[in-house]
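File shown: upload32.tsv (TSV, C-alpha atoms and all ligand atoms).
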```tsv
chain	number	residue	atom	x	y	z
A	907	MET	CA	81.03	-95.11	-19.24
A	908	THR	CA	80.05	-91.57	-18.19
A	909	SER	CA	82.67	-89.82	-16.11
A	910	CYS	CA	82.71	-87.12	-13.45
A	911	VAL	CA	85.63	-85.35	-11.84
A	912	ILE	CA	85.00	-83.93	-8.38
A	913	THR	CA	87.33	-81.27	-7.06
A	914	GLY	CA	87.51	-81.49	-3.28
A	915	ALA	CA	87.29	-84.62	-1.12
A	916	GLY	CA	85.57	-83.03	1.87
A	917	ILE	CA	82.23	-84.44	2.94
A	918	ALA	CA	80.37	-82.76	0.04
A	919	GLY	CA	82.69	-84.20	-2.62
A	920	LEU	CA	82.84	-87.64	-1.00
A	921	LEU	CA	79.07	-88.04	-0.74
A	922	ALA	CA	78.63	-86.80	-4.33
A	923	GLY	CA	81.32	-89.28	-5.40
A	924	ARG	CA	79.68	-92.21	-3.63
A	925	ALA	CA	76.27	-91.42	-5.12
A	926	LEU	CA	77.64	-91.16	-8.68
A	927	ALA	CA	79.86	-94.24	-8.37
A	928	GLY	CA	76.82	-96.12	-7.03
A	929	ALA	CA	74.92	-95.08	-10.17
A	930	GLY	CA	77.64	-96.58	-12.37
A	931	TRP	CA	79.66	-93.43	-13.18
A	932	ARG	CA	83.44	-93.38	-13.39
A	933	VAL	CA	84.33	-90.91	-10.64
A	934	THR	CA	87.69	-89.32	-9.82
A	935	LEU	CA	88.10	-87.04	-6.81
A	936	LEU	CA	90.98	-84.55	-6.73
A	937	ASP	CA	92.13	-82.90	-3.51
A	938	LYS	CA	95.10	-80.66	-2.82
A	939	GLY	CA	95.31	-82.03	0.72
A	940	PHE	CA	97.26	-85.15	1.57
A	941	ARG	CA	94.23	-87.00	2.89
A	942	PRO	CA	90.47	-86.67	2.31
A	943	GLY	CA	88.31	-84.72	4.75
A	944	GLY	CA	88.89	-81.01	4.21
A	945	ARG	CA	87.52	-79.17	7.21
A	946	MET	CA	86.61	-82.44	8.99
A	947	ALA	CA	90.17	-82.63	10.26
A	948	THR	CA	91.89	-84.56	13.06
A	949	ARG	CA	95.55	-84.27	13.98
A	950	ARG	CA	97.82	-86.24	16.31
A	951	ILE	CA	100.69	-84.51	18.17
A	952	GLY	CA	102.52	-87.07	20.32
A	953	ALA	CA	99.85	-88.81	22.41
A	954	ALA	CA	97.39	-85.94	21.95
A	955	VAL	CA	94.65	-86.15	19.31
A	956	PHE	CA	92.79	-83.02	18.22
A	957	ASP	CA	89.70	-82.39	16.13
A	958	HIS	CA	90.77	-78.96	14.90
A	959	GLY	CA	88.15	-78.14	12.24
A	960	ALA	CA	84.54	-79.26	12.70
A	961	GLN	CA	83.96	-80.24	16.33
A	962	PHE	CA	80.63	-82.05	16.15
A	963	PHE	CA	77.60	-82.11	13.90
A	964	THR	CA	73.84	-81.85	14.24
A	965	VAL	CA	71.10	-83.63	12.30
A	966	ARG	CA	67.94	-81.94	11.14
A	967	ASP	CA	67.18	-83.29	7.66
A	968	PRO	CA	65.82	-86.87	7.36
A	969	ALA	CA	68.17	-87.68	4.43
A	970	PHE	CA	71.21	-86.80	6.52
A	971	GLY	CA	69.54	-88.48	9.53
A	972	SER	CA	69.43	-91.85	7.77
A	973	LEU	CA	73.12	-91.55	6.85
A	974	VAL	CA	74.00	-90.73	10.45
A	975	GLN	CA	71.87	-93.67	11.61
A	976	SER	CA	74.05	-96.01	9.54
A	977	TRP	CA	77.23	-94.37	10.91
A	978	THR	CA	75.87	-94.84	14.45
A	979	THR	CA	75.05	-98.49	13.83
A	980	SER	CA	78.57	-99.15	12.54
A	981	GLY	CA	80.12	-97.42	15.59
A	982	LEU	CA	81.62	-94.56	13.56
A	983	VAL	CA	79.74	-91.85	15.46
A	984	ASP	CA	77.69	-91.41	18.62
A	985	GLU	CA	75.83	-88.64	20.40
A	986	TRP	CA	78.24	-86.48	22.41
A	987	CYS	CA	75.73	-84.24	24.20
A	988	ARG	CA	72.67	-82.07	23.68
A	989	GLY	CA	74.33	-78.67	23.74
A	990	PHE	CA	76.95	-76.52	25.44
A	991	ASN	CA	76.35	-74.16	28.36
A	992	ALA	CA	73.28	-72.00	27.65
A	993	ASP	CA	73.06	-73.55	24.21
A	994	ALA	CA	71.60	-76.87	25.48
A	995	ASP	CA	68.61	-76.85	23.14
A	996	GLY	CA	67.91	-80.59	23.18
A	997	HIS	CA	69.32	-81.31	19.71
A	998	GLY	CA	71.90	-84.11	19.65
A	999	ARG	CA	75.52	-83.11	18.98
A	1000	TYR	CA	77.36	-86.01	17.37
A	1001	ARG	CA	81.07	-86.84	17.61
A	1002	ALA	CA	83.14	-89.36	15.71
A	1003	ALA	CA	84.60	-92.01	18.03
A	1004	ALA	CA	88.04	-91.88	16.34
A	1005	GLY	CA	87.98	-88.16	15.53
A	1006	MET	CA	86.07	-86.21	12.88
A	1007	ASN	CA	88.42	-87.21	10.05
A	1008	SER	CA	87.42	-90.86	10.51
A	1009	ILE	CA	84.07	-90.05	8.81
A	1010	PRO	CA	85.58	-88.85	5.49
A	1011	ALA	CA	88.19	-91.62	5.78
A	1012	ALA	CA	85.37	-94.18	5.86
A	1013	LEU	CA	83.48	-92.47	3.01
A	1014	ALA	CA	86.65	-92.48	0.90
A	1015	GLU	CA	86.90	-96.27	0.90
A	1016	GLY	CA	86.51	-97.70	-2.60
A	1017	LEU	CA	86.61	-94.28	-4.35
A	1018	THR	CA	89.35	-93.14	-6.71
A	1019	ILE	CA	90.95	-90.14	-4.98
A	1020	LEU	CA	94.08	-88.34	-6.15
A	1021	SER	CA	95.41	-86.60	-3.03
A	1022	GLY	CA	97.98	-83.82	-3.31
A	1023	PHE	CA	96.36	-82.81	-6.64
A	1024	ARG	CA	95.76	-79.06	-6.81
A	1025	VAL	CA	93.32	-78.13	-9.57
A	1026	ASP	CA	94.52	-74.90	-11.23
A	1027	ALA	CA	92.05	-74.43	-14.09
A	1028	ILE	CA	89.18	-75.99	-16.00
A	1029	ARG	CA	88.50	-75.53	-19.71
A	1030	PRO	CA	85.80	-76.70	-22.13
A	1031	LEU	CA	87.12	-79.37	-24.52
A	1032	ASN	CA	84.97	-80.98	-27.23
A	1033	GLY	CA	81.76	-80.81	-25.20
A	1034	ARG	CA	83.49	-82.12	-22.06
A	1035	TRP	CA	85.65	-80.61	-19.32
A	1036	ALA	CA	89.42	-80.59	-19.20
A	1037	ILE	CA	90.75	-80.30	-15.67
A	1038	HIS	CA	94.32	-79.03	-15.28
A	1039	GLY	CA	96.54	-79.22	-12.23
A	1040	SER	CA	99.64	-80.74	-10.66
A	1041	GLY	CA	101.21	-81.11	-14.13
A	1042	GLN	CA	98.35	-83.28	-15.44
A	1043	THR	CA	95.14	-82.90	-17.46
A	1044	LEU	CA	92.07	-85.05	-16.86
A	1045	GLU	CA	88.88	-85.09	-18.93
A	1046	ALA	CA	85.31	-85.73	-17.82
A	1047	ASN	CA	81.69	-85.47	-18.97
A	1048	ALA	CA	80.70	-83.64	-15.80
A	1049	LEU	CA	82.51	-81.65	-13.15
A	1050	ILE	CA	81.66	-80.83	-9.53
A	1051	LEU	CA	83.54	-78.11	-7.66
A	1052	THR	CA	83.30	-78.32	-3.85
A	1053	PRO	CA	86.11	-76.04	-2.54
A	1054	PRO	CA	85.09	-72.85	-0.72
A	1055	VAL	CA	83.51	-70.60	-3.39
A	1056	PRO	CA	86.41	-68.10	-3.78
A	1057	GLN	CA	88.72	-71.06	-4.50
A	1058	SER	CA	86.23	-72.56	-6.99
A	1059	LEU	CA	85.88	-69.19	-8.74
A	1060	ALA	CA	89.68	-68.92	-9.02
A	1061	ILE	CA	89.73	-72.30	-10.81
A	1062	VAL	CA	86.93	-71.21	-13.18
A	1063	ASP	CA	88.58	-67.84	-13.87
A	1064	ALA	CA	91.98	-69.38	-14.60
A	1065	GLY	CA	90.36	-71.27	-17.51
A	1066	GLN	CA	88.31	-68.20	-18.58
A	1067	VAL	CA	85.03	-70.09	-18.16
A	1068	ARG	CA	82.14	-67.63	-18.42
A	1069	ILE	CA	79.48	-67.71	-15.72
A	1070	PRO	CA	76.29	-65.68	-16.38
A	1071	SER	CA	76.70	-62.42	-14.43
A	1072	ARG	CA	73.46	-62.96	-12.47
A	1073	LEU	CA	74.87	-66.21	-11.03
A	1074	ARG	CA	78.39	-64.87	-10.72
A	1075	ASP	CA	77.27	-61.92	-8.54
A	1076	LYS	CA	75.61	-64.33	-6.11
A	1077	LEU	CA	78.72	-66.52	-5.96
A	1078	GLU	CA	80.97	-63.52	-5.39
A	1079	SER	CA	78.81	-62.36	-2.49
A	1080	ILE	CA	79.61	-65.53	-0.50
A	1081	GLN	CA	82.21	-64.61	2.12
A	1082	TYR	CA	83.78	-66.81	4.76
A	1083	ALA	CA	84.82	-66.15	8.35
A	1084	ARG	CA	88.44	-66.92	9.23
A	1085	CYS	CA	89.33	-69.01	12.24
A	1086	LEU	CA	92.58	-69.38	14.16
A	1087	ALA	CA	92.73	-72.80	15.80
A	1088	ALA	CA	95.11	-73.54	18.68
A	1089	LEU	CA	95.98	-77.17	19.45
A	1090	VAL	CA	97.13	-77.10	23.07
A	1091	GLU	CA	98.75	-80.11	24.77
A	1092	LEU	CA	98.26	-80.07	28.55
A	1093	ARG	CA	100.45	-81.53	31.31
A	1094	GLU	CA	97.43	-82.45	33.48
A	1095	PRO	CA	93.73	-83.20	32.81
A	1096	SER	CA	91.80	-80.00	32.12
A	1097	GLU	CA	88.92	-80.90	34.50
A	1098	LEU	CA	86.52	-79.00	32.21
A	1099	PRO	CA	82.93	-79.77	33.21
A	1100	ALA	CA	81.02	-82.33	31.11
A	1101	PRO	CA	80.66	-82.52	28.13
A	1102	GLY	CA	84.18	-81.03	27.96
A	1103	ALA	CA	83.51	-77.99	25.79
A	1104	ILE	CA	82.71	-74.34	26.46
A	1105	ARG	CA	81.52	-71.47	24.30
A	1106	PRO	CA	82.70	-68.36	26.19
A	1107	ALA	CA	80.27	-65.45	25.95
A	1108	GLN	CA	83.04	-62.87	25.61
A	1109	GLY	CA	86.76	-62.50	24.91
A	1110	PRO	CA	88.85	-63.78	22.01
A	1111	ILE	CA	87.85	-67.45	22.35
A	1112	ALA	CA	84.72	-68.72	20.59
A	1113	TRP	CA	85.14	-72.41	21.46
A	1114	LEU	CA	87.31	-74.46	23.79
A	1115	ALA	CA	87.09	-78.26	24.01
A	1116	ASP	CA	89.09	-81.00	25.67
A	1117	ASN	CA	89.49	-83.86	23.20
A	1118	GLN	CA	90.27	-86.25	26.07
A	1119	ILE	CA	86.92	-85.63	27.74
A	1120	LYS	CA	85.29	-85.78	24.31
A	1121	GLY	CA	86.76	-89.27	24.10
A	1122	ILE	CA	89.12	-89.10	21.12
A	1123	SER	CA	92.47	-88.45	22.84
A	1124	SER	CA	94.28	-90.54	25.45
A	1125	SER	CA	95.98	-87.41	26.83
A	1126	PRO	CA	94.56	-83.94	27.64
A	1127	ALA	CA	94.35	-81.98	24.40
A	1128	LEU	CA	92.53	-78.66	24.04
A	1129	THR	CA	91.19	-77.31	20.76
A	1130	ILE	CA	90.66	-73.55	20.92
A	1131	HIS	CA	88.93	-71.58	18.15
A	1132	THR	CA	89.19	-67.81	18.26
A	1133	THR	CA	86.24	-65.60	17.29
A	1134	PRO	CA	85.88	-64.41	13.66
A	1135	GLU	CA	86.76	-60.86	14.80
A	1136	PHE	CA	89.90	-61.91	16.64
A	1137	SER	CA	90.91	-64.26	13.81
A	1138	GLU	CA	90.60	-61.48	11.23
A	1139	ALA	CA	92.51	-58.95	13.36
A	1140	TYR	CA	95.33	-61.33	14.37
A	1141	TRP	CA	95.57	-63.42	11.16
A	1142	ASP	CA	99.20	-62.42	10.42
A	1143	THR	CA	100.39	-62.41	14.03
A	1144	PRO	CA	103.32	-64.81	14.57
A	1145	ASP	CA	102.42	-68.08	16.29
A	1146	ALA	CA	104.46	-67.39	19.44
A	1147	GLU	CA	102.75	-64.04	19.97
A	1148	LEU	CA	99.30	-65.58	19.34
A	1149	ALA	CA	100.05	-68.29	21.90
A	1150	ARG	CA	101.09	-65.66	24.46
A	1151	ILE	CA	97.80	-63.77	23.99
A	1152	ILE	CA	95.51	-66.81	24.05
A	1153	LEU	CA	97.24	-68.95	26.70
A	1154	ARG	CA	97.13	-66.14	29.26
A	1155	THR	CA	93.31	-66.43	29.16
A	1156	LEU	CA	93.45	-70.18	29.90
A	1157	PRO	CA	93.31	-69.93	33.76
A	1158	GLN	CA	89.68	-68.72	33.39
A	1159	PHE	CA	88.82	-72.22	32.16
A	1160	THR	CA	91.39	-74.70	33.55
A	1161	GLU	CA	94.25	-74.89	36.03
A	1162	ALA	CA	96.17	-77.34	33.80
A	1163	THR	CA	99.55	-76.23	32.44
A	1164	PRO	CA	100.06	-76.00	28.66
A	1165	ALA	CA	102.87	-78.21	27.35
A	1166	GLY	CA	102.75	-77.04	23.74
A	1167	CYS	CA	100.67	-74.95	21.36
A	1168	THR	CA	100.39	-75.49	17.60
A	1169	TRP	CA	98.35	-73.20	15.33
A	1170	HIS	CA	96.23	-73.96	12.29
A	1171	ARG	CA	94.82	-71.12	10.18
A	1172	TRP	CA	91.42	-71.76	8.55
A	1173	ARG	CA	91.11	-69.04	5.89
A	1174	TYR	CA	87.67	-70.33	4.87
A	1175	SER	CA	86.18	-71.58	8.10
A	1176	GLN	CA	82.41	-71.18	7.63
A	1177	PRO	CA	80.43	-69.19	5.06
A	1178	ALA	CA	78.77	-66.09	6.51
A	1179	LEU	CA	76.18	-66.13	3.71
A	1180	VAL	CA	74.71	-69.26	2.12
A	1181	HIS	CA	73.46	-69.62	-1.47
A	1182	PRO	CA	69.69	-70.27	-1.57
A	1183	GLN	CA	70.09	-73.49	-3.62
A	1184	ARG	CA	71.70	-76.73	-2.34
A	1185	ALA	CA	73.96	-76.81	-5.41
A	1186	LEU	CA	74.29	-74.67	-8.52
A	1187	ARG	CA	74.46	-76.20	-12.01
A	1188	ILE	CA	75.73	-74.44	-15.12
A	1189	ASP	CA	75.61	-76.26	-18.47
A	1190	ASP	CA	78.26	-74.87	-20.75
A	1191	PRO	CA	79.56	-77.00	-22.43
A	1192	ALA	CA	78.77	-79.86	-20.03
A	1193	PRO	CA	77.42	-80.07	-16.48
A	1194	LEU	CA	79.43	-77.97	-14.03
A	1195	VAL	CA	78.06	-78.02	-10.48
A	1196	PHE	CA	79.12	-75.80	-7.58
A	1197	ALA	CA	78.56	-77.46	-4.21
A	1198	GLY	CA	79.75	-77.48	-0.60
A	1199	ASP	CA	78.65	-75.90	2.66
A	1200	ALA	CA	78.10	-72.49	1.02
A	1201	PHE	CA	75.07	-74.08	-0.69
A	1202	GLY	CA	73.54	-76.50	1.78
A	1203	GLY	CA	74.27	-74.61	5.01
A	1204	PRO	CA	77.43	-73.60	6.87
A	1205	ARG	CA	78.11	-76.88	8.62
A	1206	VAL	CA	78.75	-80.59	8.14
A	1207	GLU	CA	75.08	-81.42	7.54
A	1208	GLY	CA	74.69	-78.65	4.97
A	1209	ALA	CA	77.82	-79.75	3.10
A	1210	ALA	CA	76.61	-83.36	3.09
A	1211	LEU	CA	73.19	-82.39	1.70
A	1212	SER	CA	74.84	-80.19	-0.92
A	1213	GLY	CA	77.05	-83.08	-2.08
A	1214	LEU	CA	74.01	-85.32	-2.45
A	1215	ALA	CA	72.14	-82.59	-4.37
A	1216	ALA	CA	75.14	-82.09	-6.69
A	1217	ALA	CA	75.15	-85.79	-7.57
A	1218	ARG	CA	71.41	-85.69	-8.34
A	1219	MET	CA	71.95	-82.68	-10.63
A	1220	VAL	CA	74.66	-84.52	-12.56
A	1221	LEU	CA	72.49	-87.65	-12.84
A	1222	GLU	CA	69.63	-85.58	-14.30
A	1223	GLY	CA	71.74	-85.53	-17.49
B	1301	LIG	C1	87.28	-74.24	12.66
B	1301	LIG	C2	86.02	-74.87	12.13
B	1301	LIG	C3	85.04	-75.29	13.00
B	1301	LIG	C4	83.87	-75.88	12.51
B	1301	LIG	N1	82.96	-76.37	13.40
B	1301	LIG	C5	81.89	-77.04	12.93
B	1301	LIG	C6	81.03	-77.72	13.82
B	1301	LIG	O1	81.29	-77.79	15.03
B	1301	LIG	N2	79.92	-78.32	13.30
B	1301	LIG	C7	79.66	-78.35	11.97
B	1301	LIG	O2	78.66	-78.96	11.55
B	1301	LIG	N3	80.49	-77.74	11.09
B	1301	LIG	C8	81.60	-77.11	11.54
B	1301	LIG	N4	82.47	-76.53	10.68
B	1301	LIG	C9	82.11	-76.48	9.25
B	1301	LIG	C10	82.33	-77.82	8.54
B	1301	LIG	O3	83.62	-78.30	8.81
B	1301	LIG	C11	82.18	-77.57	7.04
B	1301	LIG	O4	80.91	-76.98	6.81
B	1301	LIG	C12	82.25	-78.84	6.18
B	1301	LIG	O5	83.24	-79.73	6.63
B	1301	LIG	C13	82.51	-78.40	4.75
B	1301	LIG	O6	82.62	-79.51	3.90
B	1301	LIG	P1	82.85	-79.27	2.33
B	1301	LIG	O7	82.99	-80.61	1.71
B	1301	LIG	O8	81.81	-78.34	1.81
B	1301	LIG	O9	84.22	-78.44	2.22
B	1301	LIG	P2	85.70	-78.83	2.66
B	1301	LIG	O10	85.70	-79.78	3.79
B	1301	LIG	O11	86.44	-77.55	2.82
B	1301	LIG	O12	86.26	-79.62	1.37
B	1301	LIG	C14	86.73	-78.92	0.24
B	1301	LIG	C15	87.99	-79.63	-0.23
B	1301	LIG	O13	88.44	-78.95	-1.43
B	1301	LIG	C16	89.84	-79.04	-1.46
B	1301	LIG	N5	90.35	-78.03	-2.38
B	1301	LIG	C17	90.26	-76.68	-2.28
B	1301	LIG	N6	90.83	-76.08	-3.36
B	1301	LIG	C18	91.29	-77.10	-4.15
B	1301	LIG	C19	91.99	-77.13	-5.40
B	1301	LIG	N7	92.30	-76.02	-6.08
B	1301	LIG	N8	92.33	-78.34	-5.92
B	1301	LIG	C20	92.02	-79.49	-5.26
B	1301	LIG	N9	91.36	-79.51	-4.07
B	1301	LIG	C21	91.00	-78.33	-3.53
B	1301	LIG	C22	90.27	-78.82	-0.01
B	1301	LIG	O14	91.56	-79.37	0.24
B	1301	LIG	C23	89.16	-79.55	0.75
B	1301	LIG	O15	89.54	-80.87	1.11
B	1301	LIG	C24	83.67	-75.99	11.12
B	1301	LIG	C25	84.68	-75.59	10.24
B	1301	LIG	C26	85.86	-75.05	10.75
B	1301	LIG	C27	86.96	-74.68	9.79
```
Mind turning this structure into structure tokens?
Ligand SMILES: Cc1cc2nc3c(=O)[nH]c(=O)nc-3n(C[C@H](O)[C@H](O)[C@H](O)COP(=O)(O)OP(=O)(O)OC[C@H]3O[C@@H](n4cnc5c(N)ncnc54)[C@H](O)[C@@H]3O)c2cc1C
Amino acid sequence: MTSCVITGAGIAGLLAGRALAGAGWRVTLLDKGFRPGGRMATRRIGAAVFDHGAQFFTVRDPAFGSLVQSWTTSGLVDEWCRGFNADADGHGRYRAAAGMNSIPAALAEGLTILSGFRVDAIRPLNGRWAIHGSGQTLEANALILTPPVPQSLAIVDAGQVRIPSRLRDKLESIQYARCLAALVELREPSELPAPGAIRPAQGPIAWLADNQIKGISSSPALTIHTTPEFSEAYWDTPDAELARIILRTLPQFTEATPAGCTWHRWRYSQPALVHPQRALRIDDPAPLVFAGDAFGGPRVEGAALSGLAAARMVLEG
């Protein structure tokens, strides 16, 4: 049976994995995280539940639209709203009823996924790929890399795999914005206006949402994302100092009292520049495909479409 190893079990890797497994391939997904999902992340702190990576998704492409239709029918997702403050452009914003991570959790069902497996290097081996990491070596006929591009390039470089310089320059030009995410438990309901999320026009906060109003948390739970500029400037600031700076801006939005603040640092939050192709295939010595949101577009839909394109490229033989 033909085999494919997919590094990364975010939405791009999971959809590529499902497509290849459906075509009869032996597929193994490897992810350094302890559960699938990558940036589609949900975290519980006490009674509070937070989406702390992707907050919602939009649908523009019919291929993604039909997937989302099936998720809607099964009750996995529903439309949250049609935009936030001045941004109400009429496009549906979808949420996952049990938090964003429930989507990758559902997609992972039936797939072989080795969680906690950090891929360190890949090397050509007898016309196939050898994949090294976490004290093990796997072999496969084809390989898909879906981590953020700098992380994929580190894996390629560690095995001294040569990428034609024309392609390499394009990959190296893909940079990502950082994002500091605050998960703030509140003592009282936030009373944010519907739909429970705000994009402030100025200041250090780019996004503020109440996961209780969004419908995924039984207690008031704010997710705050700081702007790319603030995140870059304050990346190494200790958590307590960050909390002091950000929480003092909270009275502009809510009178509720914070009961706790936990930080998550997204080093690769969203790509600032996207590769013109949905996935990039290199054939030496066997198919090696770069995929993820840096190829399909800097959001959930783009990553999903990139994963599907990567699977098609592998199936082309
Ligand atoms: C703060 C934030 C807010 C966002 N908001 C939105 C939003 O509202 N709407 C929207 O549509 N999109 C949003 N996005 C973007 C969206 O989350 C991503 O575009 C999408 O989830 C990317 O999916 P992916 O599969 O390409 O990558 P990822 O989800 O990053 O998956 C890559 C996987 O590779 C794994 N990995 C990395 N290196 C290795 C290694 N060496 N070995 C093994 N595994 C490895 C990682 O653990 C990860 O699970 C947001 C992202 C962030 C961070």
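Our summary of the geometry notes that atom CA of A:Ala1014 is positioned 15.9 Å from atom CA of A:Val974.
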At a cut-off of 7 Å, can you tabulate as a Markdown table every residue of chain A near ligand LIG 1301 (chain B) together with its closest atom pair and the distance in Å to one decimal, using all atoms listed in the file and ordering rows by chain then number?
```
| residue | atom | partner | partner_atom | distance |
| --- | --- | --- | --- | --- |
| A:Thr913 | CA | B:LIG1301 | N9 | 5.3 |
| A:Gly914 | CA | B:LIG1301 | O13 | 3.3 |
| A:Ala915 | CA | B:LIG1301 | O15 | 4.9 |
| A:Gly916 | CA | B:LIG1301 | O12 | 3.5 |
| A:Ile917 | CA | B:LIG1301 | O7 | 4.1 |
| A:Ala918 | CA | B:LIG1301 | O7 | 3.8 |
| A:Gly919 | CA | B:LIG1301 | O7 | 5.6 |
| A:Leu936 | CA | B:LIG1301 | C20 | 5.4 |
| A:Asp937 | CA | B:LIG1301 | N9 | 3.5 |
| A:Lys938 | CA | B:LIG1301 | C20 | 4.1 |
| A:Gly939 | CA | B:LIG1301 | O14 | 4.6 |
| A:Pro942 | CA | B:LIG1301 | O15 | 6.0 |
| A:Gly943 | CA | B:LIG1301 | O15 | 5.4 |
| A:Gly944 | CA | B:LIG1301 | O15 | 3.2 |
| A:Arg945 | CA | B:LIG1301 | O10 | 3.9 |
| A:Met946 | CA | B:LIG1301 | O5 | 4.9 |
| A:His958 | CA | B:LIG1301 | C1 | 6.3 |
| A:Gly959 | CA | B:LIG1301 | C2 | 3.9 |
| A:Ala960 | CA | B:LIG1301 | N1 | 3.4 |
| A:Gln961 | CA | B:LIG1301 | O1 | 3.8 |
| A:Phe962 | CA | B:LIG1301 | O1 | 4.5 |
| A:Phe963 | CA | B:LIG1301 | O2 | 4.1 |
| A:Thr964 | CA | B:LIG1301 | O2 | 6.2 |
| A:Phe1023 | CA | B:LIG1301 | C20 | 5.6 |
| A:Arg1024 | CA | B:LIG1301 | N8 | 3.6 |
| A:Val1025 | CA | B:LIG1301 | N8 | 3.8 |
| A:Asp1026 | CA | B:LIG1301 | N7 | 5.7 |
| A:Thr1052 | CA | B:LIG1301 | C14 | 5.4 |
| A:Pro1053 | CA | B:LIG1301 | O13 | 3.9 |
| A:Pro1054 | CA | B:LIG1301 | O11 | 6.0 |
| A:Gln1057 | CA | B:LIG1301 | N6 | 5.6 |
| A:Ser1058 | CA | B:LIG1301 | N6 | 6.8 |
| A:Ile1061 | CA | B:LIG1301 | N7 | 6.5 |
| A:Cys1085 | CA | B:LIG1301 | C1 | 5.6 |
| A:Ala1087 | CA | B:LIG1301 | C1 | 6.5 |
| A:His1131 | CA | B:LIG1301 | C1 | 6.3 |
| A:Trp1172 | CA | B:LIG1301 | C27 | 5.5 |
| A:Tyr1174 | CA | B:LIG1301 | C27 | 6.6 |
| A:Ser1175 | CA | B:LIG1301 | C27 | 3.6 |
| A:Gln1176 | CA | B:LIG1301 | C9 | 5.6 |
| A:Ala1197 | CA | B:LIG1301 | O8 | 6.9 |
| A:Gly1198 | CA | B:LIG1301 | O8 | 3.3 |
| A:Asp1199 | CA | B:LIG1301 | O8 | 4.1 |
| A:Ala1200 | CA | B:LIG1301 | O8 | 7.0 |
| A:Pro1204 | CA | B:LIG1301 | O4 | 4.9 |
| A:Arg1205 | CA | B:LIG1301 | O4 | 3.3 |
| A:Val1206 | CA | B:LIG1301 | O2 | 3.8 |
| A:Glu1207 | CA | B:LIG1301 | O2 | 5.9 |
| A:Gly1208 | CA | B:LIG1301 | O4 | 6.7 |
| A:Ala1209 | CA | B:LIG1301 | O8 | 4.4 |
```
Practice prompt. Would you mind listing what lies within 12 Å of A:Asn1032 as a list in words, with all atoms listed in the file counted and same-chain residues fewer than 2 positions away left out?
Written response: Arg1029, Pro1030, Arg1034, Trp1035, Ala1036, Glu1045, Ala1046, Asn1047, Asp1190, Pro1191 and Ala1192 of chain A
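Between atom CA of A:Leu921 and atom CA of A:Thr934 there is a distance of 12.6 Å.
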Discussion item. Give me, as a PyMOL selection string, all polymer residues having an atom no more than 9 Å from A:Arg1001, counting only C-alpha atoms and skipping those fewer than 6 positions away in the same chain.
Written reply: chain A and resi 961-963+982-987+1120-1121
Let's have the selection written as a compact mmCIF listing (two decimals), in the coordinates of the input, with C-alpha atoms.
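Printed below is result.txt as written:
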```
# COMPACT_ATOMS: atom_id res chain seq x y z
CA GLN A 961 83.96 -80.24 16.33
CA PHE A 962 80.63 -82.05 16.15
CA PHE A 963 77.60 -82.11 13.90
CA LEU A 982 81.62 -94.56 13.56
CA VAL A 983 79.74 -91.85 15.46
CA ASP A 984 77.69 -91.41 18.62
CA GLU A 985 75.83 -88.64 20.40
CA TRP A 986 78.24 -86.48 22.41
CA CYS A 987 75.73 -84.24 24.20
CA LYS A 1120 85.29 -85.78 24.31
CA GLY A 1121 86.76 -89.27 24.10
```
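From atom CA of A:Phe956 back to atom CA of A:Ser1123, the distance works out to 7.1 Å.
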Discussion item. I'd like the contact shell of A:Gly1065 - 7 Å cut-off, only C-alpha atoms, skipping same-chain residues fewer than 2 positions apart - returned as a VMD selection string.
Written reply: chain A and resid 1027 to 1029 1061 to 1063 1067
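Selecting by distance to (70.9, -85.5, 23.0) with a limit of 6 Å and using only C-alpha atoms, one obtains Cys987, Arg988, Gly996, His997 and Gly998 of chain A.
When the distance limit is 8 Å and all atoms listed in the file are what count, the residues near stretch 1166-1171 of chain A, minus those fewer than 2 positions from it on the same chain, are A:His958, A:Arg1084, A:Cys1085, A:Leu1086, A:Ala1087, A:Ala1088, A:Leu1089, A:Val1090, A:Glu1091, A:Leu1092, A:Trp1141, A:Asp1145, A:Ala1149, A:Pro1164, A:Arg1173.
Comparing A:Pro1144, A:Pro1157, A:Pro1182, A:Pro1056 by their smallest distance to A:Glu1097, the closest is A:Pro1157 (using only C-alpha atoms).
If you measure from each of A:Leu1013, A:Thr1133, A:Arg1093, A:Ala1003 to A:Thr948 using only C-alpha atoms, the closest one turns out to be A:Ala1003.
Residue nearest A:Glu1078, chosen from A:Leu926, A:Leu1059, A:Trp977, A:Thr1163 and counting only C-alpha atoms: A:Leu1059.
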Worksheet, complete the sentence: Of A:Ile1111, A:Ala1215, A:Ala1064, A:Ala1210, the one nearest to A:Phe970 when counting only C-alpha atoms is A:Ala1210
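Checking A:Leu1214, A:Val1195, A:Ala1127, A:Leu1017 one by one against A:Ala953, counting all atoms listed in the file, you find the shortest gap at A:Ala1127.
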Need the axis-aligned box for stretch 1025-1040 of chain A with 8 Å each side, so what are the centre and edges in Å to one decimal, as AutoDock Vina command-line options?
```
--center_x 90.7 --center_y -78.3 --center_z -18.4 --size_x 33.9 --size_y 23.7 --size_z 33.7
```
Discussion item. Could you list, as a ChimeraX atom specification, every residue within 8 Å of A:Ala1216, counting all atoms listed in the file and ignoring same-chain residues fewer than 5 positions away?
Written reply: /A:922,1050,1184-1187,1195-1197
Would you put the residues from that selection into a file with C-alpha atoms, as an mmCIF file, in the coordinates of the input?
```
data_model
loop_
_atom_site.group_PDB
_atom_site.id
_atom_site.type_symbol
_atom_site.label_atom_id
_atom_site.label_comp_id
_atom_site.auth_asym_id
_atom_site.auth_seq_id
_atom_site.Cartn_x
_atom_site.Cartn_y
_atom_site.Cartn_z
ATOM 1 C CA ALA A 922 78.630 -86.800 -4.330
ATOM 2 C CA ILE A 1050 81.660 -80.830 -9.530
ATOM 3 C CA ARG A 1184 71.700 -76.730 -2.340
ATOM 4 C CA ALA A 1185 73.960 -76.810 -5.410
ATOM 5 C CA LEU A 1186 74.290 -74.670 -8.520
ATOM 6 C CA ARG A 1187 74.460 -76.200 -12.010
ATOM 7 C CA VAL A 1195 78.060 -78.020 -10.480
ATOM 8 C CA PHE A 1196 79.120 -75.800 -7.580
ATOM 9 C CA ALA A 1197 78.560 -77.460 -4.210
#
```
